[in-house]
file start-v6.cif (mmCIF, C-alpha atoms)
data_model
loop_
_atom_site.label_atom_id
_atom_site.label_comp_id
_atom_site.auth_asym_id
_atom_site.auth_seq_id
_atom_site.Cartn_x
_atom_site.Cartn_y
_atom_site.Cartn_z
CA MET A 1 80.17 102.98 71.02
CA THR A 2 80.78 104.22 74.55
CA HIS A 3 79.11 101.11 75.95
CA VAL A 4 81.58 98.94 74.01
CA ALA A 5 84.56 100.78 75.51
CA LEU A 6 83.12 100.62 79.02
CA ALA A 7 82.41 96.90 78.64
CA GLY A 8 86.02 96.40 77.61
CA LEU A 9 87.21 98.43 80.58
CA VAL A 10 85.20 96.31 83.03
CA ALA A 11 86.25 93.01 81.42
CA LEU A 12 89.95 93.92 81.55
CA ALA A 13 89.55 95.18 85.11
CA VAL A 14 88.22 91.76 86.14
CA ALA A 15 90.73 89.83 84.05
CA MET A 16 93.85 91.73 85.09
CA GLY A 17 92.99 93.51 88.31
CA ILE A 18 91.55 90.35 89.87
CA GLY A 19 92.46 87.36 87.68
CA ARG A 20 96.14 88.23 87.46
CA PHE A 21 97.11 90.81 90.07
CA ALA A 22 94.74 90.45 93.03
CA PHE A 23 97.32 88.12 94.55
CA THR A 24 99.75 91.03 95.03
CA PRO A 25 97.74 93.06 97.60
CA ILE A 26 96.43 89.88 99.24
CA LEU A 27 99.90 88.34 99.76
CA PRO A 28 100.66 90.36 102.94
CA MET A 29 97.31 89.17 104.32
CA MET A 30 98.14 85.56 103.39
CA GLN A 31 101.47 85.93 105.18
CA GLN A 32 99.72 87.11 108.34
CA THR A 33 96.61 84.93 108.43
CA ALA A 34 97.63 81.83 106.43
CA GLY A 35 101.35 81.60 107.18
CA VAL A 36 102.40 81.91 103.53
CA SER A 37 106.12 82.57 103.07
CA VAL A 38 107.62 84.84 100.44
CA THR A 39 109.08 81.78 98.71
CA THR A 40 105.65 80.18 98.51
CA GLY A 41 104.25 83.46 97.28
CA GLY A 42 106.80 83.47 94.48
CA TRP A 43 105.71 80.02 93.33
CA LEU A 44 102.03 81.00 93.44
CA ALA A 45 102.76 84.09 91.40
CA SER A 46 104.74 82.10 88.85
CA ALA A 47 101.89 79.58 88.55
CA ASN A 48 99.61 82.44 87.54
CA TYR A 49 102.11 83.76 85.01
CA LEU A 50 102.63 80.28 83.58
CA GLY A 51 98.86 79.96 83.20
CA TYR A 52 98.80 83.32 81.43
CA LEU A 53 101.48 82.18 79.00
CA LEU A 54 99.65 78.90 78.32
CA GLY A 55 96.38 80.79 77.87
CA ALA A 56 97.96 83.13 75.33
CA LEU A 57 99.52 80.24 73.43
CA SER A 58 96.18 78.39 73.35
CA VAL A 59 94.26 81.26 71.73
CA PRO A 60 94.93 80.31 68.09
CA ALA A 61 93.61 76.82 68.77
CA LEU A 62 90.33 78.00 70.33
CA ARG A 63 87.45 77.51 67.91
CA MET A 64 84.86 79.77 69.45
CA ALA A 65 83.47 83.25 68.99
CA PRO A 66 85.34 85.99 70.88
CA ALA A 67 82.25 86.78 72.98
CA THR A 68 82.04 83.14 74.08
CA ALA A 69 85.72 83.09 75.04
CA ILE A 70 85.35 86.34 76.98
CA ARG A 71 82.37 85.02 78.92
CA GLY A 72 84.11 81.73 79.60
CA GLY A 73 87.26 83.46 80.82
CA LEU A 74 85.30 85.78 83.11
CA VAL A 75 83.37 82.87 84.63
CA MET A 76 86.62 80.99 85.18
CA ILE A 77 88.13 83.98 87.00
CA VAL A 78 85.08 84.30 89.25
CA LEU A 79 85.14 80.61 90.21
CA VAL A 80 88.87 80.31 90.87
CA THR A 81 88.96 83.56 92.86
CA LEU A 82 86.17 82.32 95.12
CA GLY A 83 88.00 78.99 95.30
CA MET A 84 91.15 80.66 96.62
CA GLY A 85 89.16 81.81 99.64
CA ALA A 86 87.55 78.43 100.21
CA SER A 87 90.75 76.34 100.16
CA HIS A 88 93.90 76.25 102.26
CA ALA A 89 95.87 73.60 100.33
CA LEU A 90 98.97 74.80 98.51
CA VAL A 91 98.52 72.38 95.60
CA ILE A 92 94.97 73.58 95.03
CA TRP A 93 96.11 77.20 95.27
CA ILE A 94 98.74 76.58 92.59
CA VAL A 95 96.17 75.01 90.26
CA LEU A 96 93.68 77.81 90.86
CA ARG A 97 96.28 80.53 90.22
CA ALA A 98 97.27 78.82 86.97
CA LEU A 99 93.63 78.63 85.86
CA ALA A 100 93.20 82.31 86.73
CA GLY A 101 96.14 83.07 84.44
CA ILE A 102 94.59 81.12 81.59
CA GLY A 103 91.25 82.88 82.00
CA SER A 104 92.83 86.33 82.19
CA ALA A 105 94.80 85.70 78.98
CA TRP A 106 91.63 84.70 77.13
CA VAL A 107 89.75 87.77 78.33
CA LEU A 108 92.58 90.17 77.58
CA ILE A 109 93.21 88.92 74.04
CA PHE A 110 89.62 88.38 72.95
CA THR A 111 88.34 91.57 74.59
CA SER A 112 91.03 93.57 72.79
CA SER A 113 90.02 92.00 69.48
CA TRP A 114 86.28 92.37 70.08
CA CYS A 115 86.42 95.98 71.25
CA LEU A 116 88.97 97.29 68.77
CA GLU A 117 87.02 95.80 65.86
CA ARG A 118 83.87 97.63 66.90
CA LEU A 119 85.65 100.88 67.71
CA SER A 120 87.70 100.94 64.51
CA GLY A 121 85.01 102.77 62.56
CA THR A 122 84.57 105.57 65.06
CA ALA A 123 86.30 108.95 65.06
CA ARG A 124 86.95 108.74 68.79
CA PRO A 125 90.35 107.08 69.34
CA ILE A 126 90.16 108.04 73.01
CA LEU A 127 87.75 105.13 73.43
CA ASN A 128 90.63 102.72 72.78
CA GLY A 129 92.37 104.30 75.75
CA VAL A 130 89.26 103.75 77.84
CA VAL A 131 89.38 100.02 77.09
CA PHE A 132 93.02 99.59 78.10
CA ALA A 133 92.65 101.81 81.16
CA GLY A 134 90.71 98.85 82.54
CA VAL A 135 93.94 97.09 83.50
CA GLY A 136 95.10 99.81 85.87
CA SER A 137 91.55 100.49 87.05
CA GLY A 138 91.15 96.87 88.10
CA ILE A 139 94.49 96.90 89.90
CA ALA A 140 93.53 100.07 91.78
CA LEU A 141 90.11 98.66 92.68
CA ALA A 142 91.55 95.39 93.99
CA GLY A 143 94.10 97.33 96.02
CA ALA A 144 91.42 99.59 97.48
CA VAL A 145 89.24 96.61 98.48
CA CYS A 146 92.19 94.94 100.22
CA LEU A 147 93.11 98.22 101.93
CA VAL A 148 89.63 98.46 103.45
CA LEU A 149 89.67 94.80 104.49
CA MET A 150 93.10 95.09 106.11
CA GLN A 151 91.88 98.04 108.16
CA ARG A 152 89.11 95.77 109.43
CA SER A 153 91.54 92.91 110.20
CA ALA A 154 89.91 90.61 107.65
CA SER A 155 91.55 87.32 106.72
CA SER A 156 93.04 86.54 103.32
CA GLY A 157 90.20 84.08 102.70
CA GLN A 158 87.67 86.84 103.21
CA ALA A 159 89.64 89.06 100.82
CA TRP A 160 89.57 86.40 98.11
CA ALA A 161 85.84 85.93 98.64
CA ALA A 162 85.23 89.69 98.43
CA LEU A 163 87.17 90.03 95.20
CA GLY A 164 85.40 86.98 93.81
CA LEU A 165 82.10 88.76 94.39
CA VAL A 166 83.50 91.91 92.75
CA ALA A 167 84.50 89.82 89.75
CA LEU A 168 81.01 88.30 89.68
CA ALA A 169 79.42 91.75 89.72
CA GLY A 170 81.67 92.94 86.89
CA THR A 171 80.90 89.84 84.84
CA ALA A 172 77.17 90.38 85.30
CA MET A 173 77.52 94.02 84.21
CA VAL A 174 79.04 93.15 80.83
CA TRP A 175 77.41 89.77 80.15
CA ARG A 176 74.78 91.10 77.76
CA THR A 177 77.16 93.47 76.00
CA PHE A 178 79.42 90.61 75.05
CA GLY A 179 76.63 88.91 73.14
CA THR A 180 77.20 86.75 70.11
CA THR A 181 75.15 88.91 67.77
CA GLY A 182 76.57 91.49 65.43
CA ARG A 183 79.98 91.36 63.83
CA THR A 184 82.22 88.62 65.08
CA SER A 185 85.79 87.86 64.38
CA SER A 186 87.91 84.77 64.63
CA MET A 187 91.33 84.67 66.09
CA ALA A 188 92.26 82.10 63.46
CA PRO A 189 94.40 83.47 60.61
CA ARG A 190 92.47 84.64 57.55
CA ARG A 191 93.51 83.80 54.03
CA THR A 192 93.59 87.48 53.17
CA GLU A 193 96.33 88.18 55.68
CA PRO A 194 99.85 88.61 54.29
CA PRO A 195 102.14 85.62 54.64
CA ALA A 196 104.27 85.46 57.78
CA ARG A 197 107.62 87.16 57.35
CA ARG A 198 110.88 85.42 57.99
CA TRP A 199 112.89 86.44 60.98
CA ASP A 200 114.68 89.74 60.59
CA GLY A 201 117.80 90.73 62.51
CA ARG A 202 115.98 93.81 63.80
CA TRP A 203 113.47 91.59 65.58
CA VAL A 204 115.88 90.00 68.05
CA PRO A 205 116.56 93.15 70.11
CA LEU A 206 112.84 93.86 70.37
CA VAL A 207 112.11 90.34 71.62
CA LEU A 208 114.99 90.51 74.10
CA CYS A 209 114.05 93.96 75.42
CA TYR A 210 110.39 93.03 75.78
CA GLY A 211 111.31 89.82 77.61
CA VAL A 212 113.53 91.76 80.04
CA PHE A 213 110.63 94.16 80.56
CA GLY A 214 108.51 91.20 81.69
CA PHE A 215 111.28 90.09 84.07
CA GLY A 216 112.04 93.57 85.38
CA TYR A 217 108.60 94.85 86.25
CA ILE A 218 107.19 91.68 87.75
CA VAL A 219 109.29 91.63 90.94
CA PRO A 220 107.90 94.93 92.28
CA ALA A 221 104.53 94.15 90.69
CA THR A 222 104.41 90.96 92.77
CA PHE A 223 106.03 92.07 96.01
CA VAL A 224 105.61 95.86 96.38
CA PRO A 225 102.99 95.60 99.19
CA VAL A 226 105.21 93.06 100.95
CA MET A 227 108.16 95.44 100.69
CA ALA A 228 106.03 98.31 101.99
CA ARG A 229 104.90 96.21 104.95
CA GLN A 230 108.53 95.76 106.01
CA PHE A 231 108.75 99.49 106.79
CA THR A 232 105.38 99.85 108.52
CA THR A 233 102.78 97.40 109.74
CA ASP A 234 100.02 100.00 109.54
CA PRO A 235 97.74 98.91 106.66
CA VAL A 236 96.57 102.50 106.27
CA VAL A 237 100.12 103.28 105.10
CA PHE A 238 101.53 100.19 103.34
CA GLY A 239 98.14 99.27 101.88
CA TRP A 240 98.28 102.29 99.57
CA ALA A 241 101.20 100.90 97.55
CA TRP A 242 99.05 98.79 95.24
CA PRO A 243 96.28 101.36 94.60
CA VAL A 244 99.01 103.88 93.68
CA PHE A 245 100.48 101.32 91.26
CA GLY A 246 97.07 100.73 89.66
CA ALA A 247 96.08 104.38 89.44
CA ALA A 248 99.32 105.19 87.63
CA ALA A 249 98.77 102.28 85.25
CA ALA A 250 95.24 103.49 84.51
CA LEU A 251 96.21 107.07 83.67
CA THR A 252 99.52 106.88 81.82
CA PRO A 253 98.33 105.06 78.65
CA PHE A 254 96.46 108.24 77.74
CA GLY A 255 99.69 110.22 78.06
CA GLY A 256 101.57 107.64 76.02
CA ALA A 257 99.00 107.88 73.25
CA VAL A 258 99.37 111.68 73.17
CA TRP A 259 103.18 111.72 73.18
CA ALA A 260 103.84 108.88 70.72
CA PRO A 261 103.00 110.97 67.60
CA ARG A 262 105.23 113.78 68.87
CA MET A 263 108.23 111.84 70.23
CA GLY A 264 107.99 108.66 68.21
CA ILE A 265 107.00 105.22 69.48
CA ARG A 266 110.57 104.06 70.09
CA ARG A 267 111.42 107.13 72.15
CA VAL A 268 108.35 106.62 74.32
CA TRP A 269 109.43 103.01 74.90
CA ILE A 270 113.01 104.07 75.70
CA ALA A 271 111.91 106.77 78.14
CA SER A 272 109.42 104.44 79.84
CA GLN A 273 111.87 101.55 80.20
CA GLY A 274 114.48 103.92 81.66
CA ALA A 275 111.94 105.32 84.13
CA MET A 276 110.95 101.79 85.09
CA ALA A 277 114.60 100.90 85.77
CA LEU A 278 114.78 103.86 88.15
CA GLY A 279 111.54 102.85 89.84
CA VAL A 280 112.65 99.23 90.31
CA ALA A 281 115.87 100.40 92.00
CA MET A 282 114.15 103.00 94.17
CA PRO A 283 113.46 100.71 97.22
CA VAL A 284 117.23 100.03 97.35
CA VAL A 285 118.37 103.61 96.69
CA TRP A 286 115.79 105.08 99.09
CA PRO A 287 114.86 102.29 101.54
CA THR A 288 111.85 103.96 103.12
CA ILE A 289 108.10 103.80 102.67
CA GLY A 290 108.49 106.88 100.46
CA GLY A 291 110.86 104.98 98.20
CA ILE A 292 108.38 102.11 97.95
CA MET A 293 105.55 104.46 96.98
CA LEU A 294 107.73 106.16 94.37
CA ALA A 295 108.61 102.73 92.98
CA ALA A 296 104.91 101.89 92.76
CA LEU A 297 104.29 105.15 90.91
CA LEU A 298 107.18 104.77 88.45
CA VAL A 299 106.71 101.06 87.71
CA GLY A 300 102.92 101.25 87.63
CA GLY A 301 103.08 104.35 85.48
CA THR A 302 105.27 102.75 82.81
CA PHE A 303 104.33 99.10 82.43
CA MET A 304 101.18 99.70 80.37
CA VAL A 305 102.93 102.37 78.27
CA ILE A 306 105.74 99.90 77.47
CA THR A 307 103.16 97.25 76.61
CA MET A 308 101.41 99.60 74.19
CA SER A 309 104.66 100.96 72.73
CA GLY A 310 106.16 97.50 72.27
CA MET A 311 103.23 96.27 70.21
CA GLN A 312 103.17 99.47 68.17
CA GLU A 313 106.90 99.23 67.50
CA ALA A 314 106.49 95.64 66.36
CA ARG A 315 103.94 96.82 63.82
CA ALA A 316 106.26 99.65 62.71
CA VAL A 317 109.22 97.29 62.22
CA ALA A 318 107.42 94.30 60.66
CA GLY A 319 104.47 95.98 58.99
CA HIS A 320 101.35 93.95 58.29
CA GLY A 321 103.31 90.72 58.78
CA ALA A 322 104.06 91.55 62.43
CA THR A 323 102.06 88.71 63.97
CA PRO A 324 105.08 86.36 64.38
CA LEU A 325 107.09 89.17 65.96
CA MET A 326 104.28 90.09 68.35
CA ALA A 327 103.86 86.43 69.30
CA ALA A 328 107.59 86.08 69.99
CA MET A 329 107.63 89.25 72.08
CA THR A 330 104.59 88.08 74.07
CA ALA A 331 106.19 84.68 74.69
CA ALA A 332 109.43 86.34 75.85
CA PHE A 333 107.43 88.63 78.13
CA GLY A 334 105.61 85.65 79.62
CA ALA A 335 108.86 83.78 80.17
CA GLY A 336 110.32 86.84 81.90
CA GLN A 337 107.30 87.09 84.18
CA ILE A 338 107.66 83.47 85.19
CA ALA A 339 111.39 83.77 85.85
CA GLY A 340 111.19 87.00 87.87
CA PRO A 341 109.47 85.78 91.05
CA ILE A 342 111.42 82.51 90.99
CA VAL A 343 114.76 84.33 90.76
CA ALA A 344 113.63 86.69 93.51
CA THR A 345 112.79 83.85 95.86
CA PHE A 346 116.11 82.08 95.19
CA VAL A 347 118.15 85.14 96.21
CA LEU A 348 116.07 85.87 99.30
CA GLY A 349 118.14 83.77 101.69
CA ALA A 350 120.24 86.70 102.86
CA ASP A 351 118.18 89.44 101.24
CA PRO A 352 114.77 89.81 102.89
CA ARG A 353 114.24 93.25 101.32
CA PHE A 354 114.62 92.04 97.71
CA SER A 355 117.65 94.30 97.16
CA GLN A 356 119.58 91.83 94.99
CA ALA A 357 116.57 90.92 92.86
CA LEU A 358 115.64 94.58 92.37
CA LEU A 359 119.16 95.61 91.43
CA ILE A 360 119.44 92.74 88.94
CA SER A 361 116.13 93.75 87.38
CA SER A 362 117.06 97.42 87.26
CA ALA A 363 120.43 96.71 85.65
CA LEU A 364 118.85 94.53 82.95
CA LEU A 365 116.24 97.19 82.24
CA LEU A 366 118.98 99.83 81.86
CA VAL A 367 120.97 97.60 79.50
CA THR A 368 117.95 96.99 77.30
CA THR A 369 117.09 100.69 77.38
CA ALA A 370 120.53 101.39 75.93
CA LEU A 371 120.04 98.60 73.39
CA LEU A 372 116.79 100.14 72.20
CA ALA A 373 118.49 103.53 71.86
CA ILE A 374 121.47 102.09 69.97
CA GLN A 375 119.25 100.17 67.58
CA ARG A 376 117.20 103.30 66.94
CA THR A 377 120.39 105.22 66.13
CA GLU A 378 121.50 102.52 63.72
CA ARG A 379 118.15 102.60 61.93
CA ARG A 380 118.63 106.33 61.23
CA HIS A 381 121.96 105.79 59.41
#

call {"tool": "encode", "arguments": {"input": "start-v6.cif", "output": "structure tokens"}}
result
Amino acid sequence: MTHVALAGLVALAVAMGIGRFAFTPILPMMQQTAGVSVTTGGWLASANYLGYLLGALSVPALRMAPATAIRGGLVMIVLVTLGMGASHALVIWIVLRALAGIGSAWVLIFTSSWCLERLSGTARPILNGVVFAGVGSGIALAGAVCLVLMQRSASSGQAWAALGLVALAGTAMVWRTFGTTGRTSSMAPRRTEPPARRWDGRWVPLVLCYGVFGFGYIVPATFVPVMARQFTTDPVVFGWAWPVFGAAAALTPFGGAVWAPRMGIRRVWIASQGAMALGVAMPVVWPTIGGIMLAALLVGGTFMVITMSGMQEARAVAGHGATPLMAAMTAAFGAGQIAGPIVATFVLGADPRFSQALLISSALLLVTTALLAIQRTERRH
């Protein structure tokens, strides 16, 4: 079963590290070599997040085997990433970033389903962690590639082409593993599943807090290399911000899995969201390259733990009928991701260092951290 976990890791690395987040380390290069403004960058990022939301919403309507959807999503990511390097038109870039979001959503959802089904019968739960470590691994890899290219004064087009080839190599590595033979599953609802539960009052805070999480983390996740570049133009220094973010995201899910049985899922979520709030505010509290790197560490080190904890808490609250709650939380998260970069670009007129956007995000994260804690206290009485 190790090959299944490794295939999942590679697929998620391509889908998330390149399909969704490669834009982040490339944005400083696009500013320098293609004249892209931060405002334009915000719209390109939001196009990708909108595509991701649309891709997630389209999953129930897809009538294809998971392996077919995974392959199709990976091919889409390869093509649109190469296309970003071949084009210089903003309209085309927006379309390509939206398509990359759709493809990454398909790969993430169907890979999770495909891998977890095959790993469910094993006595090695650590393999599940291997699969989801792919997200942070892909982010770190994309950041490392861009770091090397920046040191060689490469253009943003060359960076997109290089990452397109990396995505192609990853797709080729797992193509045979994601075959259509063996057990398959459909994302369509089965008749044996319990009926969908009606909305419960306990669901609303979870949806709200998860949506604010999407809003809060996405500003540094989109602009942290740009913020780092404002303190130093040396790519050897500011180029490390994104690899640090990815490495933290790759390692911390293992820690979250270990601590959840001891602390409780809700406490892990509360602690992670509070740490993220601190990390988001760090570039304002400590406006140096050190503050930026600490922000990358804290935000990168918590966003995958919150993702995992949020879905686990939904299952704990709603039981086997948690699908509607998970869908609502995912939709709120996607909406928050879309809103974050747009809000950031609207307040940038007199705030080139993102201070206002970061403080707004941090404050909302702190409020929802308190809300999670209060709701947990109420559940105990």

call {"tool": "residues_around", "arguments": {"input": "start-v6.cif", "residues": "Ile77 of chain A", "least_positions_apart": "2", "cutoff": "7 Å", "atoms": "only C-alpha atoms", "output": "PyMOL selection string"}}
result
chain A and resi 19+73-75+79-81+100+103

call {"tool": "residues_near_point", "arguments": {"input": "start-v6.cif", "point": "(107.4, 97.5, 65.8)", "cutoff": "9 Å", "atoms": "only C-alpha atoms", "output": "list in words"}}
result
Trp203, Leu206, Ile265, Arg266, Ser309, Gly310, Met311, Gln312, Glu313, Ala314, Arg315, Ala316, Val317, Ala318, Gly319, Ala322, Leu325 and Met326 of chain A

call {"tool": "atom_distance", "arguments": {"input": "start-v6.cif", "atom1": "atom CA of Ala5 of chain A", "atom2": "atom CA of Ala248 of chain A"}}
result
19.6 Å

call {"tool": "resolve_selection", "arguments": {"input": "start-v6.cif", "expression": "the PyMOL selection byres ((chain A and resi 367) around 12)", "output": "list in words"}}
result
Pro205, Leu208, Cys209, Val212, Phe213, Gly216, Ile270, Gln273, Gly274, Ala277, Ile360, Ser361, Ser362, Ala363, Leu364, Leu365, Leu366, Thr368, Thr369, Ala370, Leu371, Leu372, Ala373 and Ile374 of chain A

call {"tool": "residues_near_point", "arguments": {"input": "start-v6.cif", "point": "(92.4, 89.9, 76.0)", "cutoff": "12 Å", "atoms": "all atoms listed in the file", "output": "VMD selection string"}}
result
chain A and resid 8 to 16 19 52 55 to 56 59 66 to 67 69 to 71 73 to 74 101 to 116 131 to 132 134 to 135 187

call {"tool": "decode", "arguments": {"input": "start-v6.cif", "residues": "segment 90-113 of chain A", "atoms": "N, CA and C atoms", "output": "short mmCIF file (atom, residue, chain, number, x, y, z; two decimals), in the first residue's frame"}}
result
data_model
loop_
_atom_site.label_atom_id
_atom_site.label_comp_id
_atom_site.auth_asym_id
_atom_site.auth_seq_id
_atom_site.Cartn_x
_atom_site.Cartn_y
_atom_site.Cartn_z
N LEU A 90 -3.53 39.27 -20.09
CA LEU A 90 -4.16 39.15 -18.79
C LEU A 90 -5.43 38.30 -18.84
N VAL A 91 -6.24 38.49 -19.87
CA VAL A 91 -7.49 37.72 -19.96
C VAL A 91 -7.19 36.23 -20.03
N ILE A 92 -6.21 35.87 -20.83
CA ILE A 92 -5.83 34.45 -20.95
C ILE A 92 -5.29 33.94 -19.62
N TRP A 93 -4.49 34.75 -18.95
CA TRP A 93 -3.97 34.35 -17.63
C TRP A 93 -5.11 34.06 -16.66
N ILE A 94 -6.12 34.93 -16.65
CA ILE A 94 -7.24 34.74 -15.73
C ILE A 94 -7.96 33.43 -16.03
N VAL A 95 -8.18 33.14 -17.30
CA VAL A 95 -8.85 31.90 -17.68
C VAL A 95 -8.00 30.69 -17.28
N LEU A 96 -6.71 30.76 -17.54
CA LEU A 96 -5.83 29.65 -17.22
C LEU A 96 -5.76 29.41 -15.72
N ARG A 97 -5.71 30.49 -14.92
CA ARG A 97 -5.67 30.31 -13.47
C ARG A 97 -6.97 29.71 -12.95
N ALA A 98 -8.09 30.08 -13.56
CA ALA A 98 -9.37 29.48 -13.16
C ALA A 98 -9.41 28.00 -13.51
N LEU A 99 -8.93 27.65 -14.69
CA LEU A 99 -8.89 26.23 -15.08
C LEU A 99 -7.95 25.43 -14.17
N ALA A 100 -6.85 26.04 -13.77
CA ALA A 100 -5.94 25.37 -12.84
C ALA A 100 -6.64 25.10 -11.51
N GLY A 101 -7.48 26.03 -11.07
CA GLY A 101 -8.24 25.82 -9.84
C GLY A 101 -9.22 24.68 -9.97
N ILE A 102 -9.89 24.59 -11.10
CA ILE A 102 -10.83 23.49 -11.32
C ILE A 102 -10.10 22.15 -11.30
N GLY A 103 -8.99 22.07 -12.03
CA GLY A 103 -8.23 20.83 -12.07
C GLY A 103 -7.70 20.42 -10.71
N SER A 104 -7.22 21.39 -9.94
CA SER A 104 -6.67 21.06 -8.62
C SER A 104 -7.75 20.57 -7.68
N ALA A 105 -8.96 21.12 -7.78
CA ALA A 105 -10.07 20.65 -6.95
C ALA A 105 -10.41 19.20 -7.29
N TRP A 106 -10.48 18.88 -8.57
CA TRP A 106 -10.78 17.50 -8.97
C TRP A 106 -9.73 16.54 -8.42
N VAL A 107 -8.46 16.90 -8.58
CA VAL A 107 -7.40 15.99 -8.14
C VAL A 107 -7.42 15.83 -6.62
N LEU A 108 -7.59 16.93 -5.90
CA LEU A 108 -7.59 16.85 -4.44
C LEU A 108 -8.73 15.95 -3.95
N ILE A 109 -9.93 16.18 -4.42
CA ILE A 109 -11.09 15.45 -3.91
C ILE A 109 -11.05 13.99 -4.32
N PHE A 110 -10.80 13.72 -5.60
CA PHE A 110 -10.83 12.34 -6.07
C PHE A 110 -9.61 11.55 -5.60
N THR A 111 -8.46 12.21 -5.46
CA THR A 111 -7.29 11.50 -4.93
C THR A 111 -7.52 11.12 -3.47
N SER A 112 -8.11 12.02 -2.70
CA SER A 112 -8.42 11.71 -1.30
C SER A 112 -9.33 10.50 -1.23
N SER A 113 -10.38 10.50 -2.05
CA SER A 113 -11.32 9.37 -2.04
C SER A 113 -10.64 8.08 -2.48
#
